[in-house]
file structure.csv (CSV, C-alpha atoms)
chain,number,residue,atom,x,y,z
I,1,MET,CA,129.1,40.9,96.9
I,2,GLU,CA,129.0,37.2,96.6
I,3,LEU,CA,125.8,36.9,94.5
I,4,LEU,CA,127.2,39.2,91.9
I,5,ARG,CA,130.6,37.5,91.9
I,6,GLU,CA,129.0,34.1,91.3
I,7,ARG,CA,126.7,35.5,88.5
I,8,ILE,CA,129.7,37.0,86.7
I,9,LEU,CA,131.6,33.7,86.9
I,10,GLN,CA,128.5,31.8,85.7
I,11,ASP,CA,127.1,34.1,83.0
I,12,GLY,CA,129.8,36.6,82.1
I,13,ARG,CA,131.8,35.9,79.0
I,14,CYS,CA,135.3,37.0,78.2
I,15,PHE,CA,136.7,38.1,74.8
I,16,GLU,CA,140.1,39.1,73.4
I,17,GLY,CA,141.2,42.6,74.4
I,18,GLY,CA,140.0,42.7,78.0
I,19,ILE,CA,136.3,42.6,77.0
I,20,LEU,CA,133.8,41.2,79.6
I,21,LYS,CA,130.3,40.7,78.3
I,22,VAL,CA,127.5,40.7,80.9
I,23,ASP,CA,124.8,41.4,78.4
I,24,SER,CA,122.5,38.5,79.6
I,25,PHE,CA,122.0,40.1,83.1
I,26,ILE,CA,123.4,43.6,83.3
I,27,ASN,CA,123.6,45.8,80.2
I,28,HIS,CA,121.3,44.4,77.5
I,29,GLN,CA,119.0,41.9,79.2
I,30,MET,CA,118.8,42.8,82.9
I,31,ASP,CA,118.0,40.7,86.0
I,32,PRO,CA,115.8,43.1,88.0
I,33,VAL,CA,116.1,41.0,91.2
I,34,LEU,CA,119.9,41.2,91.0
I,35,MET,CA,119.6,44.9,90.3
I,36,LYS,CA,117.7,45.4,93.5
I,37,SER,CA,120.4,43.5,95.4
I,38,ILE,CA,123.0,45.7,93.8
I,39,GLY,CA,120.9,48.7,95.0
I,40,VAL,CA,120.9,47.3,98.5
I,41,GLU,CA,124.7,46.9,98.4
I,42,PHE,CA,125.2,50.6,97.3
I,43,VAL,CA,122.9,51.7,100.1
I,44,ARG,CA,124.9,49.7,102.6
I,45,ARG,CA,128.3,51.0,101.3
I,46,PHE,CA,127.2,54.7,101.3
I,47,ALA,CA,125.0,54.5,104.4
I,48,GLY,CA,127.2,57.0,106.3
I,49,THR,CA,126.9,59.8,103.7
I,50,ASN,CA,124.4,62.6,103.4
I,51,VAL,CA,123.4,61.6,99.8
I,52,ASN,CA,120.2,63.3,98.7
I,53,LYS,CA,120.4,62.6,94.9
I,54,ILE,CA,121.4,59.6,92.7
I,55,MET,CA,123.0,60.4,89.4
I,56,THR,CA,123.8,58.0,86.5
I,57,ILE,CA,124.5,58.1,82.8
I,58,GLU,CA,122.3,56.5,80.2
I,59,ALA,CA,121.6,53.7,79.4
I,60,SER,CA,123.1,50.8,81.5
I,61,GLY,CA,123.4,52.9,84.7
I,62,ILE,CA,119.7,53.6,84.9
I,63,ALA,CA,118.6,50.2,86.3
I,64,PRO,CA,121.0,50.1,89.3
I,65,ALA,CA,120.5,53.8,89.9
I,66,ILE,CA,116.7,53.6,90.0
I,67,MET,CA,116.9,50.7,92.4
I,68,THR,CA,119.2,52.6,94.7
I,69,GLY,CA,117.0,55.7,94.5
I,70,TYR,CA,113.9,53.6,95.2
I,71,LEU,CA,115.5,52.1,98.3
I,72,LEU,CA,116.6,55.5,99.6
I,73,ASN,CA,113.5,57.4,98.4
I,74,LEU,CA,115.7,59.8,96.5
I,75,PRO,CA,115.4,61.3,93.0
I,76,VAL,CA,117.5,59.9,90.3
I,77,VAL,CA,118.9,62.0,87.4
I,78,PHE,CA,120.6,60.5,84.3
I,79,ALA,CA,123.1,62.3,82.1
I,80,LYS,CA,122.3,62.0,78.4
I,81,LYS,CA,124.6,61.0,75.6
I,82,LYS,CA,123.2,63.4,73.0
I,83,LYS,CA,122.0,67.0,73.2
I,84,PRO,CA,118.2,67.1,73.2
I,85,SER,CA,116.9,70.3,71.6
I,86,THR,CA,114.5,70.9,74.4
I,87,MET,CA,116.9,70.7,77.4
I,88,GLU,CA,117.0,73.8,79.5
I,89,ASN,CA,120.1,75.0,81.5
I,90,MET,CA,122.3,72.4,79.8
I,91,LEU,CA,125.7,71.5,81.2
I,92,HIS,CA,127.9,69.9,78.7
I,93,THR,CA,131.1,67.8,78.6
I,94,GLN,CA,132.7,65.3,76.2
I,95,ILE,CA,133.7,61.7,77.0
I,96,HIS,CA,136.1,59.6,75.0
I,97,SER,CA,135.3,55.9,74.9
I,98,PHE,CA,138.3,53.6,74.3
I,99,THR,CA,136.0,50.6,73.8
I,100,LYS,CA,134.1,52.3,71.0
I,101,ASP,CA,137.0,54.6,69.9
I,102,ARG,CA,134.8,57.7,69.7
I,103,THR,CA,134.1,60.9,71.6
I,104,TYR,CA,130.6,61.7,72.5
I,105,ASP,CA,128.7,64.6,74.1
I,106,VAL,CA,127.2,64.2,77.5
I,107,VAL,CA,124.7,66.6,78.9
I,108,ILE,CA,122.6,67.2,82.0
I,109,SER,CA,120.3,70.0,83.0
I,110,SER,CA,121.5,72.1,86.0
I,111,ASP,CA,117.8,72.2,87.0
I,112,PHE,CA,118.4,68.7,88.4
I,113,LEU,CA,122.0,69.0,89.7
I,114,GLN,CA,122.2,71.9,92.1
I,115,PRO,CA,124.7,73.3,94.5
I,116,THR,CA,122.6,72.0,97.4
I,117,ASP,CA,122.8,68.4,96.1
I,118,ASN,CA,125.0,65.7,97.7
I,119,VAL,CA,125.3,63.3,94.8
I,120,LEU,CA,126.0,59.6,94.7
I,121,PHE,CA,126.9,58.6,91.1
I,122,VAL,CA,126.1,55.0,90.1
I,123,ASP,CA,127.1,53.2,86.9
I,124,ASP,CA,127.5,49.7,85.5
I,125,PHE,CA,131.3,49.7,84.6
I,126,LEU,CA,134.5,51.4,85.8
I,127,ALA,CA,137.2,50.7,83.1
I,128,TYR,CA,139.6,53.4,82.0
I,129,GLY,CA,137.6,56.0,84.0
I,130,ASN,CA,136.9,58.4,81.1
I,131,ALA,CA,133.2,58.4,81.6
I,132,ALA,CA,133.6,59.0,85.3
I,133,VAL,CA,136.0,61.9,84.7
I,134,GLY,CA,133.4,63.5,82.4
I,135,VAL,CA,130.8,63.0,85.1
I,136,LEU,CA,133.1,64.8,87.6
I,137,ASP,CA,133.3,67.7,85.1
I,138,LEU,CA,129.5,68.0,85.0
I,139,ILE,CA,129.2,67.8,88.7
I,140,LYS,CA,131.9,70.5,89.1
I,141,GLN,CA,130.1,72.7,86.7
I,142,SER,CA,126.8,72.3,88.6
I,143,GLY,CA,128.4,73.2,91.9
I,144,ALA,CA,126.9,70.0,93.5
I,145,ASN,CA,128.9,68.0,96.1
I,146,LEU,CA,129.8,64.4,95.2
I,147,VAL,CA,129.7,61.9,98.0
I,148,GLY,CA,131.1,59.0,96.0
I,149,MET,CA,130.9,56.8,92.9
I,150,GLY,CA,129.6,53.3,92.9
I,151,PHE,CA,130.1,50.8,90.1
I,152,ILE,CA,128.7,47.3,89.6
I,153,ILE,CA,131.9,46.0,88.0
I,154,GLU,CA,135.4,47.5,88.0
I,155,LYS,CA,138.1,46.3,85.6
I,156,ALA,CA,141.1,46.9,87.9
I,157,PHE,CA,143.7,46.3,85.1
I,158,GLN,CA,142.4,49.4,83.2
I,159,ASN,CA,143.2,51.7,86.1
I,160,GLY,CA,140.1,54.0,86.1
I,161,ARG,CA,140.0,53.9,89.9
I,162,LYS,CA,143.4,55.8,90.2
I,163,LEU,CA,142.1,58.6,87.9
I,164,ILE,CA,139.1,59.2,90.1
I,165,GLU,CA,140.7,58.6,93.5
I,166,ASP,CA,143.5,61.1,92.6
I,167,ARG,CA,140.7,63.7,92.4
I,168,GLY,CA,139.7,62.9,96.0
I,169,VAL,CA,136.6,60.9,95.1
I,170,ARG,CA,135.5,57.8,97.1
I,171,VAL,CA,135.0,54.7,94.8
I,172,GLU,CA,133.1,51.6,95.6
I,173,SER,CA,132.9,48.7,93.2
I,174,LEU,CA,130.8,45.6,93.9
I,175,ALA,CA,132.9,43.2,91.8
I,176,ILE,CA,136.5,43.9,90.9
I,177,ILE,CA,137.9,42.0,87.9
I,178,GLU,CA,141.7,41.6,88.3
I,179,ASP,CA,142.4,40.0,85.0
I,180,LEU,CA,140.8,38.7,81.8
I,181,SER,CA,143.9,37.3,80.2
I,182,ASN,CA,143.5,34.1,78.2
I,183,CYS,CA,139.8,34.7,78.4
I,184,THR,CA,139.7,33.6,82.1
I,185,ILE,CA,137.7,35.8,84.5
I,186,LYS,CA,139.7,36.5,87.6
I,187,ILE,CA,137.7,38.3,90.3
I,188,ARG,CA,139.4,39.7,93.4
U,1,MET,CA,96.1,56.2,87.6
U,2,GLU,CA,95.3,59.1,89.9
U,3,LEU,CA,98.8,59.5,91.4
U,4,LEU,CA,100.3,59.9,87.9
U,5,ARG,CA,97.5,62.2,86.7
U,6,GLU,CA,98.0,64.6,89.6
U,7,ARG,CA,101.8,64.6,89.2
U,8,ILE,CA,101.5,65.4,85.5
U,9,LEU,CA,99.1,68.3,86.3
U,10,GLN,CA,101.4,69.5,89.0
U,11,ASP,CA,104.9,69.1,87.5
U,12,GLY,CA,104.3,68.6,83.8
U,13,ARG,CA,105.0,71.6,81.5
U,14,CYS,CA,103.4,72.3,78.2
U,15,PHE,CA,105.1,73.9,75.2
U,16,GLU,CA,104.1,75.0,71.7
U,17,GLY,CA,103.7,72.2,69.2
U,18,GLY,CA,102.1,69.6,71.5
U,19,ILE,CA,105.2,69.2,73.6
U,20,LEU,CA,104.7,67.9,77.2
U,21,LYS,CA,107.8,68.1,79.4
U,22,VAL,CA,107.9,65.6,82.3
U,23,ASP,CA,111.7,65.8,82.8
U,24,SER,CA,111.5,66.5,86.5
U,25,PHE,CA,110.0,63.1,87.4
U,26,ILE,CA,109.9,60.8,84.3
U,27,ASN,CA,112.5,61.2,81.6
U,28,HIS,CA,115.6,63.1,82.9
U,29,GLN,CA,115.2,63.3,86.6
U,30,MET,CA,113.0,60.3,87.7
U,31,ASP,CA,110.9,59.7,90.8
U,32,PRO,CA,111.7,56.0,91.7
U,33,VAL,CA,108.7,55.7,94.0
U,34,LEU,CA,106.4,56.9,91.3
U,35,MET,CA,108.1,54.5,88.9
U,36,LYS,CA,107.4,51.6,91.3
U,37,SER,CA,103.7,52.6,91.4
U,38,ILE,CA,103.7,52.7,87.6
U,39,GLY,CA,105.2,49.2,87.6
U,40,VAL,CA,102.4,48.0,90.0
U,41,GLU,CA,99.8,49.5,87.6
U,42,PHE,CA,101.3,47.7,84.5
U,43,VAL,CA,101.3,44.4,86.5
U,44,ARG,CA,97.7,45.0,87.4
U,45,ARG,CA,96.6,45.8,83.8
U,46,PHE,CA,98.4,42.8,82.3
U,47,ALA,CA,97.7,40.4,85.1
U,48,GLY,CA,95.7,38.1,82.9
U,49,THR,CA,98.5,37.5,80.4
U,50,ASN,CA,101.2,34.9,80.2
U,51,VAL,CA,104.0,37.4,80.0
U,52,ASN,CA,107.5,36.0,80.7
U,53,LYS,CA,109.7,38.9,79.5
U,54,ILE,CA,109.6,42.7,79.7
U,55,MET,CA,111.0,44.6,76.8
U,56,THR,CA,111.7,48.4,76.5
U,57,ILE,CA,113.8,50.8,74.5
U,58,GLU,CA,116.6,53.0,75.9
U,59,ALA,CA,116.8,55.2,77.8
U,60,SER,CA,113.5,56.5,79.4
U,61,GLY,CA,111.8,53.2,79.2
U,62,ILE,CA,114.3,51.4,81.4
U,63,ALA,CA,113.1,52.7,84.7
U,64,PRO,CA,109.4,51.7,84.4
U,65,ALA,CA,110.5,48.4,82.7
U,66,ILE,CA,112.9,47.4,85.5
U,67,MET,CA,110.3,48.1,88.1
U,68,THR,CA,107.7,46.0,86.3
U,69,GLY,CA,110.2,43.2,85.8
U,70,TYR,CA,111.2,43.4,89.5
U,71,LEU,CA,107.6,43.1,90.6
U,72,LEU,CA,107.0,40.1,88.3
U,73,ASN,CA,110.4,38.6,88.8
U,74,LEU,CA,111.0,38.6,85.0
U,75,PRO,CA,114.0,39.5,82.9
U,76,VAL,CA,114.0,42.9,81.2
U,77,VAL,CA,115.6,43.5,77.8
U,78,PHE,CA,116.1,47.0,76.3
U,79,ALA,CA,116.5,47.7,72.6
U,80,LYS,CA,119.5,50.0,71.8
U,81,LYS,CA,119.5,53.1,69.7
U,82,LYS,CA,122.9,52.5,68.1
U,83,LYS,CA,124.6,49.4,66.8
U,84,PRO,CA,127.2,48.2,69.4
U,85,SER,CA,130.1,46.5,67.7
U,86,THR,CA,130.0,43.5,70.0
U,87,MET,CA,126.3,42.6,69.8
U,88,GLU,CA,125.7,39.0,68.6
U,89,ASN,CA,122.7,37.9,66.6
U,90,MET,CA,121.5,41.4,66.0
U,91,LEU,CA,118.0,42.2,64.8
U,92,HIS,CA,117.7,45.7,63.3
U,93,THR,CA,115.1,48.2,62.4
U,94,GLN,CA,114.8,52.0,61.8
U,95,ILE,CA,112.6,54.4,63.7
U,96,HIS,CA,111.7,58.0,62.6
U,97,SER,CA,111.3,60.5,65.4
U,98,PHE,CA,109.0,63.4,64.4
U,99,THR,CA,110.0,65.2,67.6
U,100,LYS,CA,113.7,65.1,66.8
U,101,ASP,CA,113.1,65.0,63.0
U,102,ARG,CA,115.6,62.2,62.4
U,103,THR,CA,115.7,58.5,61.7
U,104,TYR,CA,117.8,56.2,63.9
U,105,ASP,CA,118.8,52.6,64.1
U,106,VAL,CA,117.3,50.4,66.8
U,107,VAL,CA,118.8,47.0,67.5
U,108,ILE,CA,118.3,44.0,69.9
U,109,SER,CA,120.0,40.7,70.2
U,110,SER,CA,117.8,37.7,69.3
U,111,ASP,CA,119.6,35.9,72.1
U,112,PHE,CA,117.2,37.8,74.5
U,113,LEU,CA,114.1,37.9,72.4
U,114,GLN,CA,113.1,34.3,71.4
U,115,PRO,CA,110.2,32.6,69.8
U,116,THR,CA,109.3,31.1,73.2
U,117,ASP,CA,109.0,34.6,74.7
U,118,ASN,CA,105.7,36.3,75.6
U,119,VAL,CA,106.7,39.9,75.7
U,120,LEU,CA,105.2,42.9,77.4
U,121,PHE,CA,106.7,46.1,75.9
U,122,VAL,CA,106.8,49.1,78.3
U,123,ASP,CA,107.8,52.7,77.4
U,124,ASP,CA,107.4,56.2,78.7
U,125,PHE,CA,105.5,57.9,75.8
U,126,LEU,CA,103.1,56.9,73.0
U,127,ALA,CA,102.8,59.8,70.6
U,128,TYR,CA,102.8,59.1,66.8
U,129,GLY,CA,103.5,55.5,67.4
U,130,ASN,CA,106.7,55.3,65.2
U,131,ALA,CA,108.9,53.8,68.0
U,132,ALA,CA,106.2,51.3,68.8
U,133,VAL,CA,105.9,50.2,65.1
U,134,GLY,CA,109.7,49.8,65.0
U,135,VAL,CA,109.5,47.6,68.1
U,136,LEU,CA,106.7,45.5,66.5
U,137,ASP,CA,109.1,44.9,63.6
U,138,LEU,CA,111.9,43.7,66.0
U,139,ILE,CA,109.5,41.4,67.8
U,140,LYS,CA,108.2,40.0,64.5
U,141,GLN,CA,111.7,39.3,63.3
U,142,SER,CA,112.5,37.5,66.6
U,143,GLY,CA,109.4,35.3,66.4
U,144,ALA,CA,108.4,36.2,69.9
U,145,ASN,CA,104.8,36.7,70.9
U,146,LEU,CA,103.7,40.2,72.0
U,147,VAL,CA,101.1,40.2,74.8
U,148,GLY,CA,100.7,44.0,74.9
U,149,MET,CA,102.3,47.4,75.1
U,150,GLY,CA,102.1,49.6,78.1
U,151,PHE,CA,102.9,53.4,78.1
U,152,ILE,CA,103.2,55.8,81.0
U,153,ILE,CA,101.8,58.7,79.0
U,154,GLU,CA,99.8,58.6,75.7
U,155,LYS,CA,99.3,61.8,73.6
U,156,ALA,CA,95.9,60.8,72.2
U,157,PHE,CA,95.9,63.7,69.7
U,158,GLN,CA,98.9,62.2,67.9
U,159,ASN,CA,97.1,59.0,67.1
U,160,GLY,CA,99.8,56.5,67.8
U,161,ARG,CA,97.3,54.1,69.4
U,162,LYS,CA,95.4,53.5,66.1
U,163,LEU,CA,98.7,52.5,64.3
U,164,ILE,CA,99.3,49.8,66.9
U,165,GLU,CA,95.8,48.6,67.6
U,166,ASP,CA,95.3,48.2,63.8
U,167,ARG,CA,98.0,45.6,64.0
U,168,GLY,CA,96.0,43.7,66.6
U,169,VAL,CA,98.1,44.8,69.6
U,170,ARG,CA,96.6,45.5,73.0
U,171,VAL,CA,97.6,49.0,74.3
U,172,GLU,CA,97.4,50.3,77.9
U,173,SER,CA,98.3,53.9,78.8
U,174,LEU,CA,98.4,55.0,82.4
U,175,ALA,CA,97.7,58.7,81.6
U,176,ILE,CA,96.0,59.8,78.4
U,177,ILE,CA,96.6,63.4,77.3
U,178,GLU,CA,93.6,64.6,75.3
U,179,ASP,CA,94.9,68.0,74.3
U,180,LEU,CA,97.8,70.4,74.9
U,181,SER,CA,96.4,73.4,73.0
U,182,ASN,CA,97.0,76.9,74.4
U,183,CYS,CA,99.6,75.2,76.7
U,184,THR,CA,96.9,73.7,78.9
U,185,ILE,CA,97.2,70.0,79.9
U,186,LYS,CA,93.9,68.2,79.4
U,187,ILE,CA,94.0,64.6,80.7
U,188,ARG,CA,91.2,62.2,80.0

call {"tool": "encode", "arguments": {"input": "structure.csv", "output": "structure tokens"}}
result
Amino acid sequence: MELLRERILQDGRCFEGGILKVDSFINHQMDPVLMKSIGVEFVRRFAGTNVNKIMTIEASGIAPAIMTGYLLNLPVVFAKKKKPSTMENMLHTQIHSFTKDRTYDVVISSDFLQPTDNVLFVDDFLAYGNAAVGVLDLIKQSGANLVGMGFIIEKAFQNGRKLIEDRGVRVESLAIIEDLSNCTIKIR
Amino acid sequence: MELLRERILQDGRCFEGGILKVDSFINHQMDPVLMKSIGVEFVRRFAGTNVNKIMTIEASGIAPAIMTGYLLNLPVVFAKKKKPSTMENMLHTQIHSFTKDRTYDVVISSDFLQPTDNVLFVDDFLAYGNAAVGVLDLIKQSGANLVGMGFIIEKAFQNGRKLIEDRGVRVESLAIIEDLSNCTIKIR
């Protein structure tokens, strides 16, 4: 996706420790027109599937997910990173974040993730794959079918893709970062 | 907004203590087509303003905010409910949630909320107004100008509107809940 690639090279910023900051257009401030183009690209890549529900995880996944759901006229459900007291039929898993060095609870109501659902999961980043594995656990608990996982940006050098593909899941990333060494962004 | 009103009466659920659950179409599972219509209505209501940035707060505000930003071709920034270690130029406030009975940190980078910005704040609920007052604090710290606040649903009996209007802020709510007594939804 050339538009995204150019934007990352123009506005993305690289920090020590493999950190790529895209907070001016993806995960703090967001460019809605770019998000819509990202949605179009997810629609294109998963066009051959029987997806009937979009799933994501708060907060940065919501913008690309809602655009994808809007284009396909499908409901979008987001997993929450804390346990709301009022959630009914809660499915629960834990996710460890290497970036933040902490483990957090992630929940979703099985009211909105059902055995009849064919789910496309959408998120902003694929790094070590821990969040994705937690999502796979929630989907497995729900009995829903997963048609694939789509990420805006994949950090290939953190190997999350292998963790997911080894479980038989199709992965599509719109921009694949090969390397961030010496604070230079190398995109495949 | 008739479409929203009908949807709340059809799919909203009322619980003891003034709780209205809209988690099947607004704040857990989301209807993206409804969210786009909500965006259109915010655009219409604030058409006469010089808004150049949409602001919201994670997580349930992101969907209506990104749709509004998309329709107006404006950037959208969301305040975060925890302090990320990598945020630069952080503005900070605290918000007390009556519903959850806890106080949480809310932050935003002043990189994306500047004195030259004319901000439209968009969120899912206006209840007691505590979140909105916290947002006013962040906007004041940033030096940005606030053109107004738009909410999908206002719970009129919890009086949040007075708190905001007393500070001279224009408030627009797309559905105003008069009462939830006896678990009956009464919309103005």

call {"tool": "atom_distance", "arguments": {"input": "structure.csv", "atom1": "CA of Leu180 in chain U", "atom2": "CA of Leu20 in chain U"}}
result
7.7 Å

call {"tool": "residues_near_point", "arguments": {"input": "structure.csv", "point": "(120.3, 52.4, 66.2)", "cutoff": "6 Å", "atoms": "all atoms listed in the file", "output": "list in words"}}
result
Lys81, Lys82, Lys83, Tyr104, Asp105, Val106 and Val107 of chain U

call {"tool": "interface_residues", "arguments": {"input": "structure.csv", "of": "chain I", "to": "chain U", "cutoff": "8 Å", "atoms": "only C-alpha atoms", "output": "list in words"}}
result
Ser24, His28, Gln29, Met30, Asp31, Pro32, Val33, Lys36, Glu58, Ala59, Ile62, Ala63, Ile66, Met67, Gly69, Tyr70, Asn73, Leu74, Pro75, Val76, Val77, Phe78, Ala79, Ser85, Lys100 and Phe112 of chain I

call {"tool": "atom_distance", "arguments": {"input": "structure.csv", "atom1": "CA of Ala131 in chain I", "atom2": "CA of Asn145 in chain I"}}
result
17.9 Å

call {"tool": "atom_distance", "arguments": {"input": "structure.csv", "atom1": "CA of Asn50 in chain U", "atom2": "CA of Gly150 in chain U"}}
result
14.9 Å

call {"tool": "closest_residue", "arguments": {"input": "structure.csv", "among": "U:Glu41, U:Asp123, U:Asp117, U:Asp101", "to": "Met1 in chain U", "atoms": "all atoms listed in the file"}}
result
U:Glu41

call {"tool": "closest_residue", "arguments": {"input": "structure.csv", "among": "U:Thr184, U:Asn52, U:Ser110, U:Gln10", "to": "Gly148 in chain U", "atoms": "all atoms listed in the file"}}
result
U:Asn52

call {"tool": "closest_residue", "arguments": {"input": "structure.csv", "among": "U:Arg170, U:Arg13, U:Arg102, U:Arg7", "to": "Ile185 in chain U", "atoms": "all atoms listed in the file"}}
result
U:Arg13

call {"tool": "residues_around", "arguments": {"input": "structure.csv", "residues": "Lys186 in chain I", "least_positions_apart": "4", "cutoff": "12 Å", "atoms": "all atoms listed in the file", "output": "ChimeraX atom specification"}}
result
/I:5-6,8-9,12-14,18,20,154-157,175-182

call {"tool": "residues_around", "arguments": {"input": "structure.csv", "residues": "Asn130 in chain U", "least_positions_apart": "6", "cutoff": "8 Å", "atoms": "only C-alpha atoms", "output": "MDAnalysis selection string"}}
result
chainID U and resid 95:97 160

call {"tool": "closest_residue", "arguments": {"input": "structure.csv", "among": "I:Gln158, I:Ala132, I:Pro115, I:Val147", "to": "Gly48 in chain I", "atoms": "only C-alpha atoms"}}
result
I:Val147

call {"tool": "decode", "arguments": {"input": "structure.csv", "residues": "range 106-148 of chain U", "atoms": "C-alpha atoms", "output": "PDB file, in the first residue's frame"}}
result
ATOM      1  CA  VAL U 106      -6.291  11.246  31.142  1.00  0.00           C
ATOM      2  CA  VAL U 107      -3.517  12.569  28.913  1.00  0.00           C
ATOM      3  CA  ILE U 108      -2.995  14.097  25.505  1.00  0.00           C
ATOM      4  CA  SER U 109       0.094  15.353  23.723  1.00  0.00           C
ATOM      5  CA  SER U 110       0.178  19.097  23.166  1.00  0.00           C
ATOM      6  CA  ASP U 111       1.807  18.254  19.819  1.00  0.00           C
ATOM      7  CA  PHE U 112      -1.728  17.509  18.591  1.00  0.00           C
ATOM      8  CA  LEU U 113      -3.718  20.125  20.502  1.00  0.00           C
ATOM      9  CA  GLN U 114      -2.299  23.532  19.725  1.00  0.00           C
ATOM     10  CA  PRO U 115      -3.247  27.163  20.380  1.00  0.00           C
ATOM     11  CA  THR U 116      -4.135  27.493  16.678  1.00  0.00           C
ATOM     12  CA  ASP U 117      -6.689  24.651  16.878  1.00  0.00           C
ATOM     13  CA  ASN U 118     -10.463  25.141  16.865  1.00  0.00           C
ATOM     14  CA  VAL U 119     -11.608  21.918  18.465  1.00  0.00           C
ATOM     15  CA  LEU U 120     -14.878  20.015  18.240  1.00  0.00           C
ATOM     16  CA  PHE U 121     -15.017  17.412  21.026  1.00  0.00           C
ATOM     17  CA  VAL U 122     -17.127  14.316  20.302  1.00  0.00           C
ATOM     18  CA  ASP U 123     -18.005  11.477  22.706  1.00  0.00           C
ATOM     19  CA  ASP U 124     -20.593   8.738  23.168  1.00  0.00           C
ATOM     20  CA  PHE U 125     -22.197   9.782  26.501  1.00  0.00           C
ATOM     21  CA  LEU U 126     -22.847  12.937  28.490  1.00  0.00           C
ATOM     22  CA  ALA U 127     -23.934  11.911  32.002  1.00  0.00           C
ATOM     23  CA  TYR U 128     -22.636  13.771  35.084  1.00  0.00           C
ATOM     24  CA  GLY U 129     -20.197  15.699  32.897  1.00  0.00           C
ATOM     25  CA  ASN U 130     -17.011  14.763  34.759  1.00  0.00           C
ATOM     26  CA  ALA U 131     -15.227  13.462  31.662  1.00  0.00           C
ATOM     27  CA  ALA U 132     -16.239  16.602  29.767  1.00  0.00           C
ATOM     28  CA  VAL U 133     -14.863  18.846  32.528  1.00  0.00           C
ATOM     29  CA  GLY U 134     -11.562  16.935  32.423  1.00  0.00           C
ATOM     30  CA  VAL U 135     -11.456  17.460  28.668  1.00  0.00           C
ATOM     31  CA  LEU U 136     -12.085  21.199  29.184  1.00  0.00           C
ATOM     32  CA  ASP U 137      -9.066  21.233  31.501  1.00  0.00           C
ATOM     33  CA  LEU U 138      -6.846  19.580  28.848  1.00  0.00           C
ATOM     34  CA  ILE U 139      -8.059  22.006  26.169  1.00  0.00           C
ATOM     35  CA  LYS U 140      -7.436  24.980  28.488  1.00  0.00           C
ATOM     36  CA  GLN U 141      -3.891  23.759  29.224  1.00  0.00           C
ATOM     37  CA  SER U 142      -3.226  23.413  25.490  1.00  0.00           C
ATOM     38  CA  GLY U 143      -4.393  26.932  24.671  1.00  0.00           C
ATOM     39  CA  ALA U 144      -6.680  25.590  21.917  1.00  0.00           C
ATOM     40  CA  ASN U 145     -10.124  27.069  21.257  1.00  0.00           C
ATOM     41  CA  LEU U 146     -13.167  24.847  21.813  1.00  0.00           C
ATOM     42  CA  VAL U 147     -16.021  25.366  19.338  1.00  0.00           C
ATOM     43  CA  GLY U 148     -18.344  22.887  21.033  1.00  0.00           C
TER      44      GLY U 148
END
